[in-house]
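Novice: So that you have it, the file is my_file-v6.txt, and it contains compact mmCIF, C-alpha atoms (C1' of nucleotides):
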```txt
# COMPACT_ATOMS: atom_id res chain seq x y z
CA MET A 1 0.00 0.00 0.00
CA THR A 2 2.50 2.62 -1.15
CA ALA A 3 1.80 6.18 -2.16
CA THR A 4 1.22 5.06 -5.72
CA ALA A 5 -2.03 3.44 -4.65
CA LEU A 6 -3.33 6.91 -4.03
CA ASP A 7 -4.97 8.26 -7.14
CA ASP A 8 -7.86 9.48 -5.12
CA ASP A 9 -7.02 13.10 -4.41
CA ARG A 10 -4.67 15.94 -5.05
CA THR A 11 -5.24 17.78 -1.83
CA ALA A 12 -1.76 16.79 -0.66
CA PRO A 13 -2.02 17.21 3.09
CA ALA A 14 1.01 17.28 5.31
CA SER A 15 1.61 14.15 7.35
CA GLU A 16 1.39 10.44 6.58
CA ASP A 17 -1.31 10.08 9.23
CA ASP A 18 -3.39 12.97 7.82
CA LEU A 19 -3.20 11.21 4.49
CA LEU A 20 -4.53 7.99 5.98
CA SER A 21 -7.28 9.89 7.75
CA LEU A 22 -8.25 11.55 4.50
CA ARG A 23 -8.48 8.21 2.73
CA LEU A 24 -10.63 6.83 5.53
CA TRP A 25 -12.80 9.94 5.37
CA LEU A 26 -13.37 9.55 1.65
CA GLN A 27 -14.31 5.90 2.05
CA LEU A 28 -16.70 6.74 4.88
CA MET A 29 -18.48 9.33 2.76
CA LYS A 30 -18.56 7.12 -0.31
CA CYS A 31 -19.79 4.09 1.60
CA GLY A 32 -22.34 6.15 3.49
CA LYS A 33 -23.67 7.64 0.29
CA THR A 34 -23.86 4.26 -1.43
CA VAL A 35 -25.61 2.66 1.51
CA GLU A 36 -28.07 5.50 1.83
CA ALA A 37 -28.87 5.53 -1.87
CA ALA A 38 -29.40 1.78 -1.91
CA ALA A 39 -31.60 1.72 1.18
CA GLY A 40 -33.56 4.78 0.08
CA GLY A 41 -34.03 3.28 -3.36
CA GLN A 42 -35.38 0.04 -1.95
CA LEU A 43 -37.84 1.84 0.33
CA HIS A 44 -38.99 4.09 -2.51
CA ARG A 45 -39.40 1.26 -5.00
CA GLU A 46 -41.27 -1.08 -2.70
CA HIS A 47 -43.10 1.28 -0.37
CA ARG A 48 -42.98 4.78 -1.89
CA GLN A 49 -41.49 6.11 1.33
CA SER A 50 -38.24 7.90 2.09
CA LEU A 51 -35.52 6.77 4.47
CA ALA A 52 -36.32 9.74 6.68
CA ARG A 53 -39.92 8.63 7.02
CA PHE A 54 -38.84 5.07 7.82
CA ASP A 55 -36.50 6.42 10.50
CA VAL A 56 -39.33 8.42 12.05
CA LEU A 57 -41.66 5.43 12.10
CA SER A 58 -38.88 3.24 13.57
CA GLN A 59 -38.40 5.70 16.38
CA LEU A 60 -42.13 5.96 17.05
CA HIS A 61 -42.27 2.17 17.12
CA ARG A 62 -39.49 1.78 19.65
CA LEU A 63 -41.34 2.63 22.84
CA GLY A 64 -44.33 0.56 21.89
CA GLY A 65 -45.89 3.27 19.77
CA GLY A 66 -46.76 5.71 22.54
CA TRP A 67 -46.64 9.50 22.34
CA GLN A 68 -43.21 11.10 21.98
CA THR A 69 -42.30 14.76 21.80
CA VAL A 70 -41.18 16.28 18.52
CA GLY A 71 -37.80 16.90 20.08
CA ASP A 72 -37.33 13.27 21.04
CA VAL A 73 -38.02 12.16 17.48
CA ALA A 74 -35.84 14.88 15.98
CA GLY A 75 -32.95 13.89 18.23
CA ALA A 76 -33.29 10.20 17.44
CA VAL A 77 -33.24 10.70 13.68
CA MET A 78 -30.71 13.55 13.80
CA ALA A 79 -33.03 16.05 12.14
CA SER A 80 -33.05 19.79 12.71
CA SER A 81 -36.16 21.45 14.11
CA GLY A 82 -37.16 22.97 10.81
CA ASN A 83 -36.57 19.68 9.06
CA ILE A 84 -38.66 17.60 11.46
CA THR A 85 -41.53 20.07 11.36
CA GLY A 86 -41.96 19.73 7.62
CA LEU A 87 -41.37 16.00 7.63
CA LEU A 88 -44.04 15.42 10.30
CA ASP A 89 -46.41 17.81 8.49
CA ARG A 90 -46.20 15.72 5.33
CA MET A 91 -46.42 12.43 7.20
CA ALA A 92 -49.48 13.69 9.07
CA ALA A 93 -51.03 14.84 5.80
CA ASP A 94 -50.51 11.29 4.51
CA GLY A 95 -52.18 9.89 7.62
CA LEU A 96 -49.07 8.14 8.97
CA VAL A 97 -48.66 10.06 12.23
CA LYS A 98 -50.81 12.22 14.49
CA ARG A 99 -50.02 15.22 16.69
CA ARG A 100 -51.36 16.41 20.02
CA ALA A 101 -50.42 19.06 22.55
CA ASN A 102 -48.14 17.85 25.31
CA PRO A 103 -50.30 17.85 28.45
CA ALA A 104 -47.23 18.41 30.63
CA ASP A 105 -45.66 21.30 28.71
CA ARG A 106 -47.62 23.72 26.61
CA ARG A 107 -44.62 24.61 24.44
CA SER A 108 -44.35 21.03 23.30
CA HIS A 109 -46.18 18.80 20.86
CA GLN A 110 -46.31 15.03 20.84
CA ILE A 111 -46.35 12.53 18.00
CA ALA A 112 -47.54 8.96 17.57
CA MET A 113 -48.19 6.56 14.71
CA THR A 114 -51.70 6.21 13.40
CA ASP A 115 -53.05 2.72 12.75
CA ALA A 116 -52.20 3.22 9.09
CA GLY A 117 -48.68 4.28 10.05
CA ARG A 118 -48.21 1.23 12.21
CA ALA A 119 -49.53 -1.06 9.49
CA LEU A 120 -47.17 0.49 6.96
CA PHE A 121 -44.21 0.22 9.30
CA ASP A 122 -44.91 -3.44 10.04
CA ARG A 123 -44.91 -4.14 6.33
CA MET A 124 -41.73 -2.15 5.73
CA ALA A 125 -39.68 -3.39 8.65
CA GLY A 126 -39.47 -7.09 7.86
CA ASN A 127 -39.08 -6.49 4.17
CA HIS A 128 -36.31 -3.96 4.67
CA ALA A 129 -34.43 -6.14 7.14
CA ARG A 130 -34.44 -9.02 4.68
CA TRP A 131 -33.21 -6.73 1.92
CA ILE A 132 -30.41 -5.50 4.15
CA GLY A 133 -29.39 -9.07 4.86
CA ASP A 134 -29.07 -9.63 1.14
CA ALA A 135 -27.18 -6.40 0.55
CA LEU A 136 -24.60 -7.33 3.20
CA ASP A 137 -24.34 -10.90 2.07
CA GLY A 138 -20.82 -10.30 0.76
CA VAL A 139 -19.49 -9.33 4.19
CA GLY A 140 -18.53 -12.09 6.62
CA GLU A 141 -19.90 -12.32 10.15
CA ARG A 142 -16.51 -11.61 11.69
CA ASP A 143 -16.08 -8.52 9.51
CA LYS A 144 -19.53 -7.27 10.40
CA LYS A 145 -18.78 -7.44 14.10
CA ARG A 146 -15.45 -5.71 13.64
CA LEU A 147 -17.06 -3.02 11.52
CA ILE A 148 -19.70 -2.26 14.11
CA GLU A 149 -17.04 -1.71 16.74
CA LEU A 150 -14.89 0.41 14.48
CA LEU A 151 -17.79 2.57 13.30
CA VAL A 152 -18.76 3.29 16.89
CA LYS A 153 -15.16 4.26 17.55
CA VAL A 154 -15.17 6.65 14.59
CA ARG A 155 -18.44 8.22 15.64
CA ARG A 156 -17.16 8.80 19.17
CA SER A 157 -13.97 10.35 17.83
CA VAL A 158 -15.83 12.71 15.52
CA GLU A 159 -18.35 13.69 18.17
CA ASN A 160 -15.65 14.38 20.71
CA ALA A 161 -13.65 16.45 18.25
CA ALA A 162 -16.75 18.41 17.27
CA ASP A 163 -17.66 19.26 20.84
CA PRO A 164 -16.02 22.34 22.31
CA GLU A 165 -15.33 20.30 25.46
CA PRO A 166 -14.46 23.42 27.44
CA PRO A 167 -12.16 22.47 30.34
CA ARG A 168 -9.67 20.10 28.69
CA ALA A 169 -6.72 21.08 26.57
CA HIS A 170 -6.91 19.97 22.95
CA ARG A 171 -4.21 19.64 20.36
CA THR A 172 -4.61 22.17 17.57
CA THR A 173 -2.08 20.67 15.16
CA GLY A 174 -0.90 23.92 13.70
CA MET B 1 -21.76 -8.97 23.18
CA THR B 2 -25.03 -10.73 24.02
CA ALA B 3 -28.50 -9.87 22.86
CA THR B 4 -28.92 -7.59 25.85
CA ALA B 5 -26.59 -5.10 24.19
CA LEU B 6 -29.30 -4.56 21.62
CA ASP B 7 -31.55 -1.73 22.69
CA ASP B 8 -31.39 -0.22 19.27
CA ASP B 9 -34.43 -1.58 17.46
CA ARG B 10 -37.67 -3.48 17.72
CA THR B 11 -37.94 -4.57 14.12
CA ALA B 12 -37.16 -8.14 15.19
CA PRO B 13 -36.05 -9.76 11.94
CA ALA B 14 -35.78 -13.49 11.53
CA SER B 15 -32.26 -14.90 11.65
CA GLU B 16 -29.28 -14.21 13.86
CA ASP B 17 -27.30 -13.08 10.83
CA ASP B 18 -30.06 -10.72 9.64
CA LEU B 19 -29.98 -9.21 13.10
CA LEU B 20 -26.23 -8.63 12.88
CA SER B 21 -26.64 -7.12 9.42
CA LEU B 22 -29.32 -4.80 10.72
CA ARG B 23 -27.10 -3.61 13.54
CA LEU B 24 -24.27 -2.98 11.10
CA TRP B 25 -26.66 -1.14 8.82
CA LEU B 26 -27.84 1.13 11.62
CA GLN B 27 -24.27 1.93 12.61
CA LEU B 28 -23.33 2.66 9.00
CA MET B 29 -26.20 5.11 8.64
CA LYS B 30 -25.59 6.74 11.98
CA CYS B 31 -21.86 7.04 11.41
CA GLY B 32 -22.38 8.33 7.90
CA LYS B 33 -24.82 10.95 9.07
CA THR B 34 -22.55 12.06 11.89
CA VAL B 35 -19.54 12.28 9.62
CA GLU B 36 -21.44 14.19 6.98
CA ALA B 37 -22.93 16.63 9.46
CA ALA B 38 -19.53 17.27 11.03
CA ALA B 39 -17.74 17.76 7.73
CA GLY B 40 -20.53 19.87 6.29
CA GLY B 41 -20.63 21.99 9.44
CA GLN B 42 -16.91 22.65 9.29
CA LEU B 43 -17.05 23.68 5.64
CA HIS B 44 -20.05 25.92 6.24
CA ARG B 45 -18.57 27.58 9.33
CA GLU B 46 -15.16 28.24 7.85
CA HIS B 47 -15.87 28.68 4.15
CA ARG B 48 -19.64 29.11 3.72
CA GLN B 49 -19.68 26.23 1.27
CA SER B 50 -21.54 22.92 1.25
CA LEU B 51 -20.01 19.47 1.14
CA ALA B 52 -21.51 18.98 -2.31
CA ARG B 53 -19.71 22.05 -3.60
CA PHE B 54 -16.44 20.88 -2.06
CA ASP B 55 -16.87 17.51 -3.74
CA VAL B 56 -17.43 19.17 -7.10
CA LEU B 57 -14.34 21.35 -6.72
CA SER B 58 -12.29 18.30 -5.61
CA GLN B 59 -13.31 16.45 -8.72
CA LEU B 60 -12.55 19.42 -10.97
CA HIS B 61 -9.14 19.68 -9.30
CA ARG B 62 -8.21 16.06 -9.86
CA LEU B 63 -7.21 16.15 -13.49
CA GLY B 64 -5.25 19.33 -13.08
CA GLY B 65 -8.27 21.58 -13.42
CA GLY B 66 -9.04 20.93 -17.09
CA TRP B 67 -12.48 20.73 -18.65
CA GLN B 68 -14.68 17.80 -17.65
CA THR B 69 -18.14 16.91 -18.84
CA VAL B 70 -21.13 17.40 -16.57
CA GLY B 71 -21.63 13.65 -16.60
CA ASP B 72 -18.09 12.97 -15.40
CA VAL B 73 -18.55 15.29 -12.46
CA ALA B 74 -22.00 13.94 -11.65
CA GLY B 75 -20.71 10.37 -11.64
CA ALA B 76 -17.75 11.23 -9.44
CA VAL B 77 -19.85 12.93 -6.78
CA MET B 78 -22.77 10.51 -7.13
CA ALA B 79 -25.26 13.21 -8.04
CA SER B 80 -28.28 12.79 -10.31
CA SER B 81 -28.51 14.80 -13.51
CA GLY B 82 -31.14 17.16 -12.15
CA ASN B 83 -29.15 17.63 -8.99
CA ILE B 84 -25.87 18.42 -10.72
CA THR B 85 -27.54 20.89 -13.07
CA GLY B 86 -28.81 23.04 -10.23
CA LEU B 87 -25.64 22.69 -8.21
CA LEU B 88 -23.46 23.82 -11.12
CA ASP B 89 -25.90 26.64 -11.90
CA ARG B 90 -25.50 28.05 -8.41
CA MET B 91 -21.74 27.52 -8.37
CA ALA B 92 -21.46 29.28 -11.72
CA ALA B 93 -23.62 32.14 -10.45
CA ASP B 94 -21.16 32.45 -7.55
CA GLY B 95 -18.24 32.52 -9.98
CA LEU B 96 -16.69 29.23 -8.84
CA VAL B 97 -17.04 27.24 -12.07
CA LYS B 98 -17.53 27.97 -15.76
CA ARG B 99 -19.35 26.10 -18.52
CA ARG B 100 -18.68 25.65 -22.20
CA ALA B 101 -20.07 23.52 -24.99
CA ASN B 102 -18.22 20.26 -25.55
CA PRO B 103 -16.45 20.68 -28.89
CA ALA B 104 -16.56 16.91 -29.47
CA ASP B 105 -20.23 16.29 -28.68
CA ARG B 106 -22.94 18.88 -29.08
CA ARG B 107 -25.21 17.21 -26.51
CA SER B 108 -22.61 17.70 -23.85
CA HIS B 109 -21.39 20.58 -21.74
CA GLN B 110 -18.06 20.89 -19.99
CA ILE B 111 -17.11 22.38 -16.64
CA ALA B 112 -13.93 23.80 -15.15
CA MET B 113 -12.97 25.82 -12.11
CA THR B 114 -12.57 29.55 -12.46
CA ASP B 115 -9.53 31.21 -10.90
CA ALA B 116 -11.72 32.15 -7.96
CA GLY B 117 -12.90 28.56 -7.66
CA ARG B 118 -9.36 27.25 -7.66
CA ALA B 119 -8.30 29.81 -5.07
CA LEU B 120 -11.21 28.85 -2.85
CA PHE B 121 -10.50 25.15 -3.23
CA ASP B 122 -6.84 25.59 -2.36
CA ARG B 123 -7.85 27.37 0.82
CA MET B 124 -10.45 24.75 1.71
CA ALA B 125 -8.46 21.61 0.94
CA GLY B 126 -5.60 21.97 3.38
CA ASN B 127 -7.81 23.33 6.10
CA HIS B 128 -10.34 20.53 5.71
CA ALA B 129 -7.68 17.81 5.66
CA ARG B 130 -6.23 19.09 8.92
CA TRP B 131 -9.69 19.19 10.46
CA ILE B 132 -10.31 15.61 9.37
CA GLY B 133 -7.05 14.56 10.97
CA ASP B 134 -8.25 16.04 14.24
CA ALA B 135 -11.71 14.51 13.94
CA LEU B 136 -10.21 11.03 13.48
CA ASP B 137 -7.58 11.48 16.15
CA GLY B 138 -9.36 8.97 18.40
CA VAL B 139 -8.96 6.14 15.88
CA GLY B 140 -5.67 4.27 15.74
CA GLU B 141 -3.65 3.84 12.55
CA ARG B 142 -4.26 0.08 12.49
CA ASP B 143 -8.01 0.59 12.89
CA LYS B 144 -8.06 3.18 10.13
CA LYS B 145 -6.45 0.77 7.68
CA ARG B 146 -8.80 -2.03 8.65
CA LEU B 147 -11.79 0.26 8.33
CA ILE B 148 -10.85 1.36 4.84
CA GLU B 149 -10.68 -2.26 3.70
CA LEU B 150 -13.94 -3.19 5.38
CA LEU B 151 -15.79 -0.17 4.01
CA VAL B 152 -14.71 -1.04 0.50
CA LYS B 153 -15.95 -4.58 1.10
CA VAL B 154 -19.34 -3.28 2.24
CA ARG B 155 -19.64 -0.97 -0.73
CA ARG B 156 -18.88 -3.78 -3.16
CA SER B 157 -21.41 -6.04 -1.47
CA VAL B 158 -24.14 -3.41 -1.61
CA GLU B 159 -23.38 -2.48 -5.20
CA ASN B 160 -23.38 -6.10 -6.33
CA ALA B 161 -26.64 -6.82 -4.55
CA ALA B 162 -28.21 -3.74 -6.11
CA ASP B 163 -27.07 -4.48 -9.65
CA PRO B 164 -29.03 -6.94 -11.76
CA GLU B 165 -25.59 -7.62 -13.30
CA PRO B 166 -26.95 -7.99 -16.83
CA PRO B 167 -24.64 -9.30 -19.56
CA ARG B 168 -21.18 -7.89 -19.03
CA ALA B 169 -19.06 -7.42 -15.97
CA HIS B 170 -18.39 -3.75 -15.41
CA ARG B 171 -16.34 -2.83 -12.40
CA THR B 172 -16.99 0.87 -11.83
CA THR B 173 -15.16 0.93 -8.54
CA GLY B 174 -11.43 0.70 -8.75
C1' DC C 1 -43.67 38.39 41.71
C1' DC C 2 -40.55 40.21 37.80
C1' DC C 3 -37.48 39.59 34.39
C1' DA C 4 -33.70 37.44 31.84
C1' DT C 5 -32.63 33.15 30.05
C1' DT C 6 -33.52 28.80 28.28
C1' DT C 7 -36.29 25.53 25.92
C1' DA C 8 -39.49 23.60 22.29
C1' DT C 9 -41.34 24.30 18.23
C1' DC C 10 -42.55 26.74 14.10
C1' DT C 11 -41.59 30.01 10.11
C1' DT C 12 -39.11 31.69 6.23
C1' DA C 13 -35.76 31.58 2.82
C1' DT C 14 -32.87 28.91 0.41
C1' DA C 15 -29.88 24.79 -0.88
C1' DT C 16 -29.71 20.16 -2.11
C1' DG C 17 -31.71 15.89 -3.48
C1' DT C 18 -34.82 12.46 -6.27
C1' DA C 19 -38.13 11.05 -9.93
C1' DA C 20 -40.07 11.50 -14.20
C1' DG C 21 -39.94 13.06 -18.48
C1' DA C 22 -38.58 16.47 -22.43
C1' DT C 23 -35.10 17.74 -25.85
C1' DA C 24 -31.28 17.44 -28.74
C1' DT C 25 -27.72 14.72 -30.48
C1' DT C 26 -25.12 10.70 -31.48
C1' DT C 27 -24.78 5.85 -32.50
C1' DA C 28 -25.99 1.43 -34.35
C1' DC C 29 -28.04 -1.22 -37.49
C1' DA C 30 -31.39 -2.96 -41.05
C1' DT D 1 -29.97 6.25 -46.00
C1' DG D 2 -33.40 6.11 -42.60
C1' DT D 3 -34.69 5.26 -38.27
C1' DA D 4 -34.82 3.13 -33.60
C1' DA D 5 -32.17 3.16 -29.56
C1' DA D 6 -28.95 5.11 -26.54
C1' DT D 7 -26.83 9.11 -24.48
C1' DA D 8 -26.17 13.82 -22.21
C1' DT D 9 -28.24 17.31 -20.29
C1' DC D 10 -32.00 20.13 -18.83
C1' DT D 11 -36.79 20.96 -16.92
C1' DT D 12 -40.41 20.46 -13.70
C1' DA D 13 -42.45 19.12 -9.54
C1' DC D 14 -41.72 18.05 -5.24
C1' DA D 15 -39.30 16.07 -0.85
C1' DT D 16 -35.87 16.81 2.34
C1' DA D 17 -32.28 19.45 4.55
C1' DT D 18 -29.92 23.65 6.82
C1' DA D 19 -29.62 28.38 8.82
C1' DA D 20 -31.51 32.14 10.97
C1' DG D 21 -34.75 33.97 13.53
C1' DA D 22 -39.67 34.39 15.54
C1' DT D 23 -42.93 32.91 19.04
C1' DA D 24 -44.62 30.99 23.11
C1' DA D 25 -43.97 28.86 27.38
C1' DA D 26 -41.21 27.21 31.26
C1' DT D 27 -37.48 28.13 34.57
C1' DG D 28 -34.52 30.29 37.84
C1' DG D 29 -32.38 34.18 40.34
C1' DG D 30 -33.23 38.43 42.52
```
Render the structure in this file as structure tokens.

Specialist:
Amino acid sequence: MTATALDDDRTAPASEDDLLSLRLWLQLMKCGKTVEAAAGGQLHREHRQSLARFDVLSQLHRLGGGWQTVGDVAGAVMASSGNITGLLDRMAADGLVKRRANPADRRSHQIAMTDAGRALFDRMAGNHARWIGDALDGVGERDKKRLIELLVKVRRSVENAADPEPPRAHRTTG
Amino acid sequence: MTATALDDDRTAPASEDDLLSLRLWLQLMKCGKTVEAAAGGQLHREHRQSLARFDVLSQLHRLGGGWQTVGDVAGAVMASSGNITGLLDRMAADGLVKRRANPADRRSHQIAMTDAGRALFDRMAGNHARWIGDALDGVGERDKKRLIELLVKVRRSVENAADPEPPRAHRTTG
DNA sequence: CCCATTTATCTTATATGTAAGATATTTACA
DNA sequence: TGTAAATATCTTACATATAAGATAAATGGG
């Protein structure tokens, strides 16, 4: 794996380790995009629903289908407030979810699946899981387990680096 | 790593292996989203540009900055034709790229960076690579190398499962 | 209690993405 | 040659996303 294997960029960063990080970064983005396109395509083809909608329904399904605040759902699916508002508007217009005022906090609204939403999710979930199994058929069980651990490690690293993390000193790498 | 570690879903698919695939899938999506949000945030904060624009400029930079067709750029950044049209429109309006008719094919248009685009990219590239190095500081060199290999394996598996694989073999990914 | 701050959501403007299909051009082949 | 098919891009309609800021309600310190 010498430098000649690298026809992937011309950004020419400084250190050997920055170079490796950049290659990993590119693969993460590329793999993420491929995975998202494939999963989104499957959901659209077979259920006419987006990945974002499936994520929302999954989250609403998790606690048995009870009421959850808009903020809880937004946090779980990593959506911004403006994003989740529009998404839930459209899903409610399609009869998949319902809103109500939060009885404990008048600033807050709550969300739950409708019967139609639950029925749709039940249909999607099993089908999608099977499709995922097929899509990852080329990856061995040992590799899958390793990957899960490594991806969690990456996510932690990125989240920690993104946080200001006030008290501790942090290398700036000038 | 027993089943008790799994508080992440209630979709309850059939087999043990489908379950593992589903967990990997969820981590891939979550990690991808985190990575994309972090990278996009950095580019927006420090350069007021989106990740998509950075990707386009990276691709235009690769072959020394010469003219490339719209289709080449779209393929490299995995954008649809409608998507790339609007993206390039806005980038051209901002003076970052320029268009011309393809002298060899009158259906086709070509794209290149303007001087301003190249100057912007040069500023962004080094800065972004350093930031990535920091963001991945919590992942060891050995893990980075493993991850790159495993991510490529996942991408191949997903792409093969998605393709009908009609008559000829066509390896798009190097 | 009063007020500043925080929190939860919505609004607006805009950017980015897909799907479906139109248009113009090139290519392949009978 | 003529024409069907493929190709490259653009158009349209709409879904999904962010940023910035507005609004309303809860919270906490004086």

Novice: Each residue of chain C with at least one atom at most 10 Å from chain B should appear once, together with its nearest atom pair and the corresponding distance in Å (one decimal); atoms considered: only C-alpha atoms (C1' of nucleotides); ordering: chain, then increasing residue number; output as JSON lines.

Specialist:
```
{"residue": "C:DA15", "atom": "C1'", "partner": "B:Leu87", "partner_atom": "CA", "distance": 8.7}
{"residue": "C:DT16", "atom": "C1'", "partner": "B:Asn83", "partner_atom": "CA", "distance": 7.4}
{"residue": "C:DG17", "atom": "C1'", "partner": "B:Asn83", "partner_atom": "CA", "distance": 6.3}
{"residue": "C:DT18", "atom": "C1'", "partner": "B:Ser80", "partner_atom": "CA", "distance": 7.7}
{"residue": "C:DA19", "atom": "C1'", "partner": "B:Gly82", "partner_atom": "CA", "distance": 9.5}
{"residue": "C:DT23", "atom": "C1'", "partner": "B:Arg107", "partner_atom": "CA", "distance": 9.9}
{"residue": "C:DA24", "atom": "C1'", "partner": "B:Arg107", "partner_atom": "CA", "distance": 6.5}
{"residue": "C:DT25", "atom": "C1'", "partner": "B:Arg107", "partner_atom": "CA", "distance": 5.3}
{"residue": "C:DT26", "atom": "C1'", "partner": "B:Asp105", "partner_atom": "CA", "distance": 7.9}
```

Novice: Compile a residue-level contact table for chain D against chain B at a cut-off of 9 Å, reporting for every qualifying residue the shortest atom pair and its distance in Å to one decimal, with all atoms listed in the file counted, rows ordered by chain and ascending number, as JSON lines.

Specialist:
```
{"residue": "D:DT7", "atom": "C1'", "partner": "B:Arg107", "partner_atom": "CA", "distance": 8.5}
{"residue": "D:DA8", "atom": "C1'", "partner": "B:Ser108", "partner_atom": "CA", "distance": 5.5}
{"residue": "D:DT9", "atom": "C1'", "partner": "B:Ser108", "partner_atom": "CA", "distance": 6.7}
{"residue": "D:DC10", "atom": "C1'", "partner": "B:Thr85", "partner_atom": "CA", "distance": 7.3}
{"residue": "D:DT11", "atom": "C1'", "partner": "B:Gly82", "partner_atom": "CA", "distance": 8.3}
```

Novice: As a compact mmCIF listing (two decimals) with C-alpha atoms, in the coordinates of the input, could you give me every residue of chain B near chain A (at most 6 Å apart, counting only C-alpha atoms)?

Specialist:
```txt
# COMPACT_ATOMS: atom_id res chain seq x y z
CA ARG B 10 -37.67 -3.48 17.72
CA THR B 11 -37.94 -4.57 14.12
CA PRO B 13 -36.05 -9.76 11.94
CA ASP B 18 -30.06 -10.72 9.64
CA SER B 21 -26.64 -7.12 9.42
CA LEU B 24 -24.27 -2.98 11.10
CA CYS B 31 -21.86 7.04 11.41
CA GLY B 32 -22.38 8.33 7.90
CA ARG B 62 -8.21 16.06 -9.86
CA ALA B 125 -8.46 21.61 0.94
CA GLY B 126 -5.60 21.97 3.38
CA GLY B 133 -7.05 14.56 10.97
CA ALA B 135 -11.71 14.51 13.94
CA LEU B 136 -10.21 11.03 13.48
CA GLY B 138 -9.36 8.97 18.40
CA ILE B 148 -10.85 1.36 4.84
CA ARG B 155 -19.64 -0.97 -0.73
CA SER B 157 -21.41 -6.04 -1.47
CA VAL B 158 -24.14 -3.41 -1.61
CA ALA B 161 -26.64 -6.82 -4.55
```

Novice: Could you work out how far atom CA of Arg53 of chain A lies from atom C1' of DA17 of chain D, giving the answer in Å with one decimal?

Specialist: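 The value is 13.5 Å.
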
Novice: When you draw a straight line from atom CA of Phe54 of chain A to atom CA of Ala119 of chain A, how long is it in Å?

Specialist: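 One can read the atom CA of Phe54 of chain A to atom CA of Ala119 of chain A distance as 12.4 Å.
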
Novice: Box in all listed atoms of segment 18-26 of chain D, axis-aligned, with 3 Å more on each side; write out centre and edge lengths in Å to one decimal as AutoDock Vina command-line options.

Specialist:
```
--center_x -37.1 --center_y 29.0 --center_z 19.0 --size_x 21.0 --size_y 16.7 --size_z 30.4
```

Novice: Suppose you want the space between atom CA of Ala112 of chain A and atom C1' of DT27 of chain D; what is it in Å?

Specialist: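 Taking atom CA of Ala112 of chain A as the start and atom C1' of DT27 of chain D as the end point, the length is 27.5 Å.
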
Novice: Can you list, as a VMD selection string, every protein, DNA or RNA residue that comes within 12 Å of DT5 of chain C when you count all atoms listed in the file, leaving out same-chain residues fewer than 6 positions away?

Specialist: chain D and resid 26 to 29

Novice: Can I get C-alpha atoms (C1' of nucleotides) for chain D, as a PDB file, in the first residue's frame?

Specialist:
```pdb
ATOM      1  C1'  DT D   1     -29.968   6.246 -46.004  1.00  0.00           C
ATOM      2  C1'  DG D   2     -33.405   6.111 -42.598  1.00  0.00           C
ATOM      3  C1'  DT D   3     -34.685   5.259 -38.266  1.00  0.00           C
ATOM      4  C1'  DA D   4     -34.822   3.126 -33.602  1.00  0.00           C
ATOM      5  C1'  DA D   5     -32.175   3.163 -29.561  1.00  0.00           C
ATOM      6  C1'  DA D   6     -28.946   5.110 -26.544  1.00  0.00           C
ATOM      7  C1'  DT D   7     -26.833   9.108 -24.476  1.00  0.00           C
ATOM      8  C1'  DA D   8     -26.173  13.816 -22.210  1.00  0.00           C
ATOM      9  C1'  DT D   9     -28.238  17.310 -20.293  1.00  0.00           C
ATOM     10  C1'  DC D  10     -31.999  20.134 -18.832  1.00  0.00           C
ATOM     11  C1'  DT D  11     -36.792  20.958 -16.924  1.00  0.00           C
ATOM     12  C1'  DT D  12     -40.414  20.459 -13.700  1.00  0.00           C
ATOM     13  C1'  DA D  13     -42.445  19.125  -9.535  1.00  0.00           C
ATOM     14  C1'  DC D  14     -41.719  18.052  -5.242  1.00  0.00           C
ATOM     15  C1'  DA D  15     -39.300  16.072  -0.846  1.00  0.00           C
ATOM     16  C1'  DT D  16     -35.872  16.808   2.343  1.00  0.00           C
ATOM     17  C1'  DA D  17     -32.279  19.453   4.550  1.00  0.00           C
ATOM     18  C1'  DT D  18     -29.919  23.654   6.823  1.00  0.00           C
ATOM     19  C1'  DA D  19     -29.619  28.384   8.825  1.00  0.00           C
ATOM     20  C1'  DA D  20     -31.509  32.142  10.968  1.00  0.00           C
ATOM     21  C1'  DG D  21     -34.745  33.971  13.526  1.00  0.00           C
ATOM     22  C1'  DA D  22     -39.669  34.385  15.541  1.00  0.00           C
ATOM     23  C1'  DT D  23     -42.927  32.914  19.043  1.00  0.00           C
ATOM     24  C1'  DA D  24     -44.617  30.988  23.115  1.00  0.00           C
ATOM     25  C1'  DA D  25     -43.970  28.865  27.382  1.00  0.00           C
ATOM     26  C1'  DA D  26     -41.210  27.207  31.265  1.00  0.00           C
ATOM     27  C1'  DT D  27     -37.475  28.128  34.570  1.00  0.00           C
ATOM     28  C1'  DG D  28     -34.522  30.290  37.840  1.00  0.00           C
ATOM     29  C1'  DG D  29     -32.382  34.182  40.340  1.00  0.00           C
ATOM     30  C1'  DG D  30     -33.230  38.431  42.518  1.00  0.00           C
TER      31       DG D  30
END
```
